[in-house]
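Here is my_file-v1.cif, consisting of mmCIF, C-alpha atoms:
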```cif
data_upload
#
loop_
_atom_site.label_atom_id
_atom_site.label_comp_id
_atom_site.auth_asym_id
_atom_site.auth_seq_id
_atom_site.Cartn_x
_atom_site.Cartn_y
_atom_site.Cartn_z
CA MET A 1 -81.68 -186.45 99.65
CA MET A 2 -83.45 -184.27 97.13
CA GLY A 3 -82.94 -180.95 98.89
CA MET A 4 -79.20 -181.42 99.31
CA ASN A 5 -76.48 -179.79 97.29
CA PRO A 6 -73.61 -181.95 95.98
CA ARG A 7 -71.18 -180.77 98.67
CA GLN A 8 -73.55 -181.58 101.53
CA MET A 9 -74.29 -184.91 99.86
CA LYS A 10 -70.60 -185.76 99.62
CA LYS A 11 -70.01 -184.82 103.25
CA LEU A 12 -72.92 -186.97 104.41
CA MET A 13 -71.65 -189.85 102.29
CA ARG A 14 -68.17 -189.57 103.81
CA GLN A 15 -69.66 -189.60 107.30
CA MET A 16 -71.53 -192.81 106.44
CA GLY A 17 -68.36 -194.47 105.15
CA ILE A 18 -69.35 -194.31 101.51
CA LYS A 19 -66.67 -193.62 98.89
CA MET A 20 -67.60 -192.23 95.50
CA GLU A 21 -65.30 -191.72 92.55
CA GLU A 22 -65.92 -190.98 88.91
CA LEU A 23 -64.63 -193.43 86.29
CA GLU A 24 -63.06 -191.37 83.51
CA GLY A 25 -62.41 -192.24 79.87
CA VAL A 26 -65.38 -194.49 79.24
CA GLU A 27 -66.54 -194.68 75.62
CA GLU A 28 -69.71 -196.68 76.09
CA VAL A 29 -71.35 -199.27 78.29
CA ILE A 30 -72.90 -202.39 76.80
CA ILE A 31 -75.51 -204.33 78.76
CA ARG A 32 -75.59 -207.76 77.14
CA MET A 33 -78.79 -209.78 77.31
CA GLU A 34 -79.64 -212.98 75.46
CA ASN A 35 -81.13 -211.51 72.29
CA LYS A 36 -80.34 -207.84 72.55
CA GLU A 37 -77.93 -205.37 74.02
CA ILE A 38 -78.54 -201.96 75.53
CA VAL A 39 -75.80 -199.50 74.62
CA LEU A 40 -75.35 -196.55 76.97
CA LYS A 41 -73.63 -193.72 75.15
CA GLU A 42 -71.66 -190.85 76.68
CA PRO A 43 -72.13 -192.37 80.12
CA VAL A 44 -71.20 -190.68 83.39
CA ILE A 45 -70.07 -193.45 85.71
CA THR A 46 -69.62 -193.20 89.46
CA ILE A 47 -68.09 -196.07 91.38
CA ILE A 48 -69.59 -196.26 94.87
CA THR A 49 -68.03 -198.33 97.62
CA ALA A 50 -70.14 -198.76 100.74
CA GLN A 51 -69.58 -201.31 103.48
CA GLY A 52 -67.15 -203.22 101.28
CA GLU A 53 -69.64 -203.55 98.42
CA LYS A 54 -68.78 -201.92 95.11
CA SER A 55 -71.45 -200.67 92.75
CA TYR A 56 -71.47 -198.73 89.51
CA GLN A 57 -73.94 -195.91 88.99
CA ILE A 58 -74.34 -195.01 85.34
CA VAL A 59 -76.18 -192.02 83.91
CA PRO A 60 -76.31 -192.40 80.12
CA GLY A 61 -76.25 -189.46 77.74
CA SER A 62 -78.40 -191.50 75.41
CA GLU A 63 -79.17 -195.16 74.88
CA GLU A 64 -79.79 -197.55 72.03
CA VAL A 65 -81.16 -201.08 71.94
CA ARG A 66 -79.57 -203.41 69.38
CA ALA A 67 -80.75 -206.89 68.48
CA ILE A 68 -78.02 -209.51 68.72
CA VAL A 69 -77.95 -211.63 65.59
CA ARG A 70 -75.80 -214.71 65.86
CA VAL A 71 -74.46 -215.87 62.49
CA SER A 72 -72.59 -219.12 61.99
CA GLU A 73 -69.05 -219.42 60.65
CA GLU A 74 -70.39 -221.72 57.90
CA ASP A 75 -72.89 -219.11 56.67
CA VAL A 76 -70.18 -216.43 56.56
CA GLN A 77 -67.91 -218.72 54.50
CA LEU A 78 -70.80 -219.52 52.13
CA VAL A 79 -71.58 -215.83 51.55
CA MET A 80 -67.88 -215.16 50.91
CA GLU A 81 -67.71 -217.98 48.34
CA GLN A 82 -70.92 -216.96 46.59
CA THR A 83 -70.20 -213.25 46.39
CA GLY A 84 -66.42 -212.89 46.61
CA VAL A 85 -66.54 -210.32 49.45
CA ASP A 86 -64.24 -210.44 52.49
CA TYR A 87 -65.10 -211.88 55.89
CA GLU A 88 -66.20 -208.67 57.61
CA THR A 89 -68.45 -207.65 54.71
CA ALA A 90 -70.05 -211.09 54.57
CA LYS A 91 -70.64 -211.16 58.31
CA LYS A 92 -72.12 -207.64 58.32
CA ALA A 93 -74.47 -208.49 55.44
CA LEU A 94 -75.70 -211.59 57.29
CA GLU A 95 -76.28 -209.61 60.47
CA GLU A 96 -78.20 -206.96 58.59
CA ALA A 97 -80.30 -209.67 56.94
CA ASN A 98 -81.08 -211.11 60.39
CA GLY A 99 -79.14 -214.25 59.50
CA ASP A 100 -81.06 -214.85 56.24
CA LEU A 101 -78.52 -216.40 53.85
CA ALA A 102 -80.42 -215.77 50.58
CA GLU A 103 -81.17 -212.15 51.46
CA ALA A 104 -77.53 -211.46 52.38
CA ILE A 105 -76.23 -212.93 49.10
CA LEU A 106 -78.88 -211.15 47.04
CA LYS A 107 -78.10 -207.81 48.65
CA LEU A 108 -74.35 -208.18 48.04
CA THR A 109 -74.74 -209.24 44.39
CA GLU A 110 -77.16 -206.41 43.67
CA GLU A 111 -74.71 -203.73 44.84
CA MET B 1 -80.32 -194.71 104.67
CA MET B 2 -78.22 -197.34 106.37
CA GLY B 3 -80.65 -198.24 109.17
CA MET B 4 -83.59 -198.77 106.84
CA ASN B 5 -84.99 -202.07 105.69
CA PRO B 6 -85.70 -202.58 101.97
CA ARG B 7 -89.46 -202.07 102.40
CA GLN B 8 -89.07 -198.76 104.24
CA MET B 9 -86.51 -197.71 101.64
CA LYS B 10 -88.91 -198.50 98.80
CA LYS B 11 -91.73 -196.59 100.48
CA LEU B 12 -89.54 -193.55 101.04
CA MET B 13 -88.37 -193.71 97.43
CA ARG B 14 -91.96 -193.83 96.18
CA GLN B 15 -92.83 -190.82 98.31
CA MET B 16 -89.95 -188.90 96.79
CA GLY B 17 -91.07 -189.78 93.27
CA ILE B 18 -88.28 -192.24 92.62
CA LYS B 19 -89.03 -195.37 90.62
CA MET B 20 -86.80 -198.42 90.89
CA GLU B 21 -87.04 -201.59 88.85
CA GLU B 22 -84.73 -204.50 88.36
CA LEU B 23 -83.50 -205.30 84.85
CA GLU B 24 -83.74 -209.07 84.41
CA GLY B 25 -81.92 -211.40 82.04
CA VAL B 26 -78.60 -209.58 81.82
CA GLU B 27 -75.62 -211.78 80.97
CA GLU B 28 -72.85 -209.26 81.47
CA VAL B 29 -72.06 -205.57 81.35
CA ILE B 30 -69.08 -204.29 79.38
CA ILE B 31 -67.61 -200.88 80.17
CA ARG B 32 -65.59 -199.96 77.09
CA MET B 33 -62.64 -197.63 77.46
CA GLU B 34 -59.98 -196.79 74.90
CA ASN B 35 -57.48 -199.56 75.62
CA LYS B 36 -59.33 -201.84 77.97
CA GLU B 37 -62.76 -202.99 79.00
CA ILE B 38 -64.17 -203.79 82.39
CA VAL B 39 -66.50 -206.78 82.31
CA LEU B 40 -69.05 -206.98 85.11
CA LYS B 41 -70.19 -210.57 85.53
CA GLU B 42 -73.44 -211.80 87.09
CA PRO B 43 -74.57 -208.21 87.54
CA VAL B 44 -77.64 -207.13 89.49
CA ILE B 45 -79.00 -204.08 87.69
CA THR B 46 -81.54 -201.61 89.04
CA ILE B 47 -82.94 -198.92 86.80
CA ILE B 48 -83.70 -195.80 88.83
CA THR B 49 -85.86 -193.00 87.47
CA ALA B 50 -85.87 -189.80 89.52
CA GLN B 51 -87.10 -186.41 88.35
CA GLY B 52 -87.11 -187.62 84.76
CA GLU B 53 -83.49 -188.75 84.86
CA LYS B 54 -82.76 -192.41 84.32
CA SER B 55 -79.76 -194.10 85.83
CA TYR B 56 -78.48 -197.65 86.06
CA GLN B 57 -77.13 -199.01 89.32
CA ILE B 58 -75.04 -202.12 88.83
CA VAL B 59 -73.71 -204.44 91.52
CA PRO B 60 -71.35 -206.92 89.89
CA GLY B 61 -70.95 -210.51 91.11
CA SER B 62 -67.35 -210.30 89.94
CA GLU B 63 -65.36 -208.23 87.49
CA GLU B 64 -62.56 -208.68 85.01
CA VAL B 65 -60.39 -206.17 83.16
CA ARG B 66 -59.47 -207.09 79.59
CA ALA B 67 -57.01 -205.29 77.35
CA ILE B 68 -58.47 -204.34 73.98
CA VAL B 69 -56.18 -205.41 71.17
CA ARG B 70 -57.07 -204.00 67.77
CA VAL B 71 -55.93 -206.19 64.89
CA SER B 72 -56.15 -205.14 61.26
CA GLU B 73 -58.05 -207.01 58.56
CA GLU B 74 -54.80 -207.24 56.56
CA ASP B 75 -52.96 -208.99 59.39
CA VAL B 76 -55.79 -211.49 59.82
CA GLN B 77 -55.72 -212.30 56.09
CA LEU B 78 -51.93 -212.71 56.18
CA VAL B 79 -52.09 -215.13 59.13
CA MET B 80 -54.80 -217.12 57.30
CA GLU B 81 -52.68 -217.35 54.15
CA GLN B 82 -49.52 -218.31 56.02
CA THR B 83 -51.07 -220.92 58.27
CA GLY B 84 -54.24 -222.11 56.52
CA VAL B 85 -56.47 -221.52 59.57
CA ASP B 86 -59.92 -219.90 59.35
CA TYR B 87 -60.70 -216.26 60.08
CA GLU B 88 -61.77 -216.61 63.72
CA THR B 89 -58.71 -218.70 64.61
CA ALA B 90 -56.37 -216.24 62.91
CA LYS B 91 -57.96 -213.26 64.63
CA LYS B 92 -57.88 -214.96 68.04
CA ALA B 93 -54.20 -215.87 67.63
CA LEU B 94 -53.36 -212.27 66.74
CA GLU B 95 -55.27 -210.95 69.74
CA GLU B 96 -53.52 -213.39 72.07
CA ALA B 97 -50.18 -212.33 70.59
CA ASN B 98 -51.05 -208.68 71.28
CA GLY B 99 -51.12 -207.99 67.55
CA ASP B 100 -47.65 -209.47 66.92
CA LEU B 101 -47.82 -211.05 63.45
CA ALA B 102 -44.72 -213.28 63.72
CA GLU B 103 -45.70 -214.59 67.12
CA ALA B 104 -49.24 -215.42 65.95
CA ILE B 105 -47.99 -217.35 62.91
CA LEU B 106 -45.33 -219.15 64.92
CA LYS B 107 -47.83 -220.22 67.54
CA LEU B 108 -50.29 -221.54 64.94
CA THR B 109 -47.64 -223.48 62.98
CA GLU B 110 -46.22 -225.04 66.15
CA GLU B 111 -49.54 -226.50 67.20
#
```
Write-out of the structure in structure tokens:
Amino acid sequence: MMGMNPRQMKKLMRQMGIKMEELEGVEEVIIRMENKEIVLKEPVITIITAQGEKSYQIVPGSEEVRAIVRVSEEDVQLVMEQTGVDYETAKKALEEANGDLAEAILKLTEE
Amino acid sequence: MMGMNPRQMKKLMRQMGIKMEELEGVEEVIIRMENKEIVLKEPVITIITAQGEKSYQIVPGSEEVRAIVRVSEEDVQLVMEQTGVDYETAKKALEEANGDLAEAILKLTEE
């Protein structure tokens, strides 16, 4: 496979009944795991169909791992009440504080 | 490639300097585009490293296409004020109504 140019590769693929097409217009790909997510930025995605099975081949331009912090609705409401900020700001502060209520409130009142 | 068993395939890959490893613990993969997202459920993901380039090969168990509806913070606040529901409920109603303010309020007050 390594010594082949893209045209030869494509021809061989066609002969083997494999269809490849690029998926255009993708902004990013998010791989969600339990406590983190891997974000693939500027991805080049090829959809490959072989013997009725579809698969996605993704080559990322760059990637980033983000921790997933789950904050409760109650905590968001409490931060809003204590600091007077709106929902999105309260939620963001909680996420940045890793769910720590006191830290989120302190940070918002200090600003 | 087609007539090879997985062990032969792996050996050949190793000889060509290609590393393959499965990524465990993935809940779902989201391919974000401008107006929609493709959700790959129960995905089997293989990370392939060849000649320094990393790629992700994903075989989805099933897939779903969701429209992305962007709702503004102002509309969410308005729905909350008009109907007395909390933020998440207001946002969800707006998304389900495709961003239509009147429809979201009507639906929430009818319930």
Problem set entry | Expected answer as a list in words: chain B residues within 9 Å of chain A, only C-alpha atoms | Met2, Met16, Glu24, Gly25, Val26, Glu27, Glu28, Val29, Ile30, Ile31, Arg32, Met33, Glu34, Glu37, Glu53, Lys54, Ser55, Tyr56, Gln57, Ile58, Val59, Pro60, Glu73, Tyr87 and Glu88 of chain B
Exercise. Pick from A:Glu95, A:Glu103, A:Glu22, A:Glu110: nearest to Ile68 of chain A, with only C-alpha atoms counted?
Worked result: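 Between A:Glu95, A:Glu103, A:Glu22, A:Glu110, the residue approaching Ile68 of chain A most closely is A:Glu95.
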Problem set entry | Test item: the PyMOL selection byres ((chain B and resi 91) around 12) resolved as a PyMOL selection string | (chain A and resi 87-88) or (chain B and resi 69-80+85-90+92-101+104-105+108)
Moved chain A, fitted on chain B by every C-alpha in sequence order, as a short mmCIF file (atom, residue, chain, number, x, y, z; two decimals) with C-alpha atoms, in the coordinates of the input:
```
data_model
loop_
_atom_site.label_atom_id
_atom_site.label_comp_id
_atom_site.auth_asym_id
_atom_site.auth_seq_id
_atom_site.Cartn_x
_atom_site.Cartn_y
_atom_site.Cartn_z
CA MET A 1 -80.10 -194.67 104.65
CA MET A 2 -77.97 -197.32 106.29
CA GLY A 3 -80.35 -198.20 109.10
CA MET A 4 -83.33 -198.72 106.81
CA ASN A 5 -84.78 -202.01 105.71
CA PRO A 6 -85.61 -202.51 102.01
CA ARG A 7 -89.34 -201.98 102.52
CA GLN A 8 -88.88 -198.68 104.35
CA MET A 9 -86.37 -197.65 101.69
CA LYS A 10 -88.82 -198.41 98.90
CA LYS A 11 -91.60 -196.49 100.63
CA LEU A 12 -89.36 -193.46 101.14
CA MET A 13 -88.28 -193.64 97.50
CA ARG A 14 -91.90 -193.74 96.32
CA GLN A 15 -92.71 -190.71 98.47
CA MET A 16 -89.82 -188.83 96.84
CA GLY A 17 -91.04 -189.71 93.35
CA ILE A 18 -88.28 -192.19 92.64
CA LYS A 19 -89.08 -195.33 90.64
CA MET A 20 -86.87 -198.39 90.90
CA GLU A 21 -87.14 -201.55 88.85
CA GLU A 22 -84.84 -204.49 88.36
CA LEU A 23 -83.62 -205.31 84.84
CA GLU A 24 -83.89 -209.08 84.41
CA GLY A 25 -82.08 -211.41 82.03
CA VAL A 26 -78.76 -209.62 81.81
CA GLU A 27 -75.78 -211.82 80.95
CA GLU A 28 -73.00 -209.31 81.45
CA VAL A 29 -72.19 -205.63 81.31
CA ILE A 30 -69.22 -204.36 79.33
CA ILE A 31 -67.73 -200.96 80.12
CA ARG A 32 -65.72 -200.03 77.04
CA MET A 33 -62.74 -197.72 77.42
CA GLU A 34 -60.09 -196.88 74.85
CA ASN A 35 -57.60 -199.66 75.57
CA LYS A 36 -59.46 -201.94 77.91
CA GLU A 37 -62.88 -203.08 78.92
CA ILE A 38 -64.29 -203.87 82.34
CA VAL A 39 -66.63 -206.86 82.26
CA LEU A 40 -69.19 -207.06 85.06
CA LYS A 41 -70.34 -210.64 85.47
CA GLU A 42 -73.58 -211.85 87.05
CA PRO A 43 -74.69 -208.25 87.50
CA VAL A 44 -77.76 -207.16 89.46
CA ILE A 45 -79.10 -204.10 87.67
CA THR A 46 -81.63 -201.63 89.03
CA ILE A 47 -83.02 -198.93 86.79
CA ILE A 48 -83.77 -195.80 88.82
CA THR A 49 -85.90 -192.99 87.47
CA ALA A 50 -85.89 -189.80 89.53
CA GLN A 51 -87.10 -186.40 88.38
CA GLY A 52 -87.16 -187.58 84.78
CA GLU A 53 -83.53 -188.74 84.85
CA LYS A 54 -82.83 -192.42 84.31
CA SER A 55 -79.82 -194.12 85.83
CA TYR A 56 -78.57 -197.68 86.03
CA GLN A 57 -77.22 -199.04 89.30
CA ILE A 58 -75.13 -202.15 88.80
CA VAL A 59 -73.81 -204.48 91.48
CA PRO A 60 -71.47 -206.99 89.84
CA GLY A 61 -71.06 -210.55 91.06
CA SER A 62 -67.48 -210.38 89.89
CA GLU A 63 -65.49 -208.31 87.44
CA GLU A 64 -62.69 -208.76 84.95
CA VAL A 65 -60.52 -206.27 83.10
CA ARG A 66 -59.60 -207.20 79.52
CA ALA A 67 -57.14 -205.39 77.29
CA ILE A 68 -58.59 -204.43 73.92
CA VAL A 69 -56.25 -205.46 71.14
CA ARG A 70 -57.13 -204.02 67.77
CA VAL A 71 -55.92 -206.19 64.89
CA SER A 72 -56.10 -205.13 61.26
CA GLU A 73 -57.98 -206.99 58.53
CA GLU A 74 -54.71 -207.21 56.56
CA ASP A 75 -52.88 -208.96 59.41
CA VAL A 76 -55.71 -211.48 59.81
CA GLN A 77 -55.61 -212.27 56.07
CA LEU A 78 -51.81 -212.67 56.21
CA VAL A 79 -52.00 -215.11 59.14
CA MET A 80 -54.69 -217.09 57.30
CA GLU A 81 -52.53 -217.31 54.16
CA GLN A 82 -49.38 -218.26 56.05
CA THR A 83 -50.94 -220.88 58.29
CA GLY A 84 -54.08 -222.07 56.51
CA VAL A 85 -56.36 -221.51 59.54
CA ASP A 86 -59.80 -219.89 59.31
CA TYR A 87 -60.62 -216.26 60.03
CA GLU A 88 -61.70 -216.62 63.66
CA THR A 89 -58.65 -218.71 64.57
CA ALA A 90 -56.30 -216.24 62.90
CA LYS A 91 -57.93 -213.27 64.60
CA LYS A 92 -57.85 -214.97 68.02
CA ALA A 93 -54.17 -215.86 67.63
CA LEU A 94 -53.33 -212.25 66.75
CA GLU A 95 -55.26 -210.95 69.74
CA GLU A 96 -53.53 -213.37 72.05
CA ALA A 97 -50.16 -212.31 70.62
CA ASN A 98 -51.07 -208.66 71.31
CA GLY A 99 -51.12 -207.98 67.58
CA ASP A 100 -47.63 -209.44 66.98
CA LEU A 101 -47.77 -211.01 63.50
CA ALA A 102 -44.66 -213.23 63.80
CA GLU A 103 -45.67 -214.56 67.21
CA ALA A 104 -49.20 -215.39 66.01
CA ILE A 105 -47.91 -217.29 62.95
CA LEU A 106 -45.25 -219.10 64.97
CA LYS A 107 -47.76 -220.19 67.59
CA LEU A 108 -50.19 -221.53 64.98
CA THR A 109 -47.52 -223.45 63.03
CA GLU A 110 -46.11 -224.98 66.20
CA GLU A 111 -49.46 -226.48 67.23
#
```
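The interatomic distance for the pair atom CA of Lys10 of chain A and atom CA of Pro6 of chain B works out to 22.7 Å.
The closest residue to Thr83 of chain A, picked from A:Arg14, A:Thr109, A:Thr49, A:Asn5 and counting all atoms listed in the file, is A:Thr109.
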For this session: Could you jot down the atom CA of Glu64 of chain A to atom CA of Glu42 of chain A separation for me, Å, one decimal place?
Result: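 Computing it gives 11.5 Å between the two atoms.
The coordinates place atom CA of Arg66 of chain B at 22.5 Å from atom CA of Ala102 of chain B.
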